[in-house]
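Each remark here refers to the structure printed beneath this line.
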Amino acid sequence: MVNSRAEMEIGRYHWMYPGSKNHQYHPVPTLGDRAGPLSSPGCFECCIKCLGGVPYASLVATILCFSGVALFCGCGHVALAGTVAILEQHFSTNASDHALLSEVIQLMQYVIYGIASFFFLYGIILLAEGFYTTSAVKELHGEFKTTACGRCISGMFVFLTYVLGVAWLGVFGFSAVPVFMFYNIWSTCEVIKSPQTNGTAGVEQICVDIRQYGIIPWNAFPGKICGSALENICNTNEFYMSYHLFIVACAGAGATVIALLIYMMATTYNYAVLKFKSREDCCTKF
């Protein structure tokens, strides 16, 4: 049997000093030998460690992104359908005058389906990337290794998130246009309902010409609604629902912009962590 180096040193010591043979060698207990049942990590410590591995920035951004996209897509889809109904019933009775607008709105409704599906998948991917690049998760799984492919994917997410953020700024601005239009119609109706003008002959001269917004051609009939007829439009359920749904859709687009800004910061940080770890690994090799 091959003796270990420690046993050979002890034997050499006993040979040089015979009087020390009466002394008995007691090995020093290791940390694992001294560890009792109370020293093992409990449920509370494990929960704290797991909670430390949650990327809270990505989690908040994902919840905010899902909520904003859901509000924008759901409310926008119903509001567009209500807008078409209002145009067909009151502002453009001839179907050929607003045929192009109807096709554009139908196309936008299909685009809304694609936006909802894309952001549902993209939010889950960014949340997963946040989990796997959190420093606490790296401590849970021990040594962390980075590859060129992983850094390239993380950089691609940074670029794509910045592009989507700029695009959604445009969507947010575009979603404010129907809110502005419906607000002008609603404010005109409030002027008609005011005591100063209600019941007077000047009420019929207060009009709203929807053709000036460019959504229907100038030859559309009637195109302009005045007085009590305009007040009746404001009292319809389609107008009330479409106006408030456009407001909620605009708020949802704004929430999505905020979520993408948080995603920008989170993905940029994750990419910086990967770059730092890759340089650290290269330095340790040499």
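Scheme for the structure tokens: letters A, B, ... for chains in order shown; per-chain residue numbers from 1; ligand numbers from 1 in order shown.
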Spatial neighbours of Cys75 (chain A), 12 Å, only C-alpha atoms, chain gap at least 4 places, as a list in words: Ser67, Gly68, Val69, Ala70, Leu71, Ala79, Leu80, Ala81, Gly82, Gln109, Ile112, Ser175, Met241, Ser242, Tyr243, His244, Leu245, Phe246, Ile247, Val248, Ala249, Cys250, Ala251, Gly252 and Ala253 of chain A
Point-to-point distance in Å for CA of Gly223 (chain A) and CA of Val111 (chain A):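 Answer for the CA of Val111 (chain A) to CA of Gly223 (chain A) separation: 28.0 Å.
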Among listed residues A:Pro222, A:Gly155, A:Gly227, A:Gly214, nearest Met181 (chain A) (using only C-alpha atoms):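 Checking each candidate against Met181 (chain A), we get A:Gly214 as the closest.
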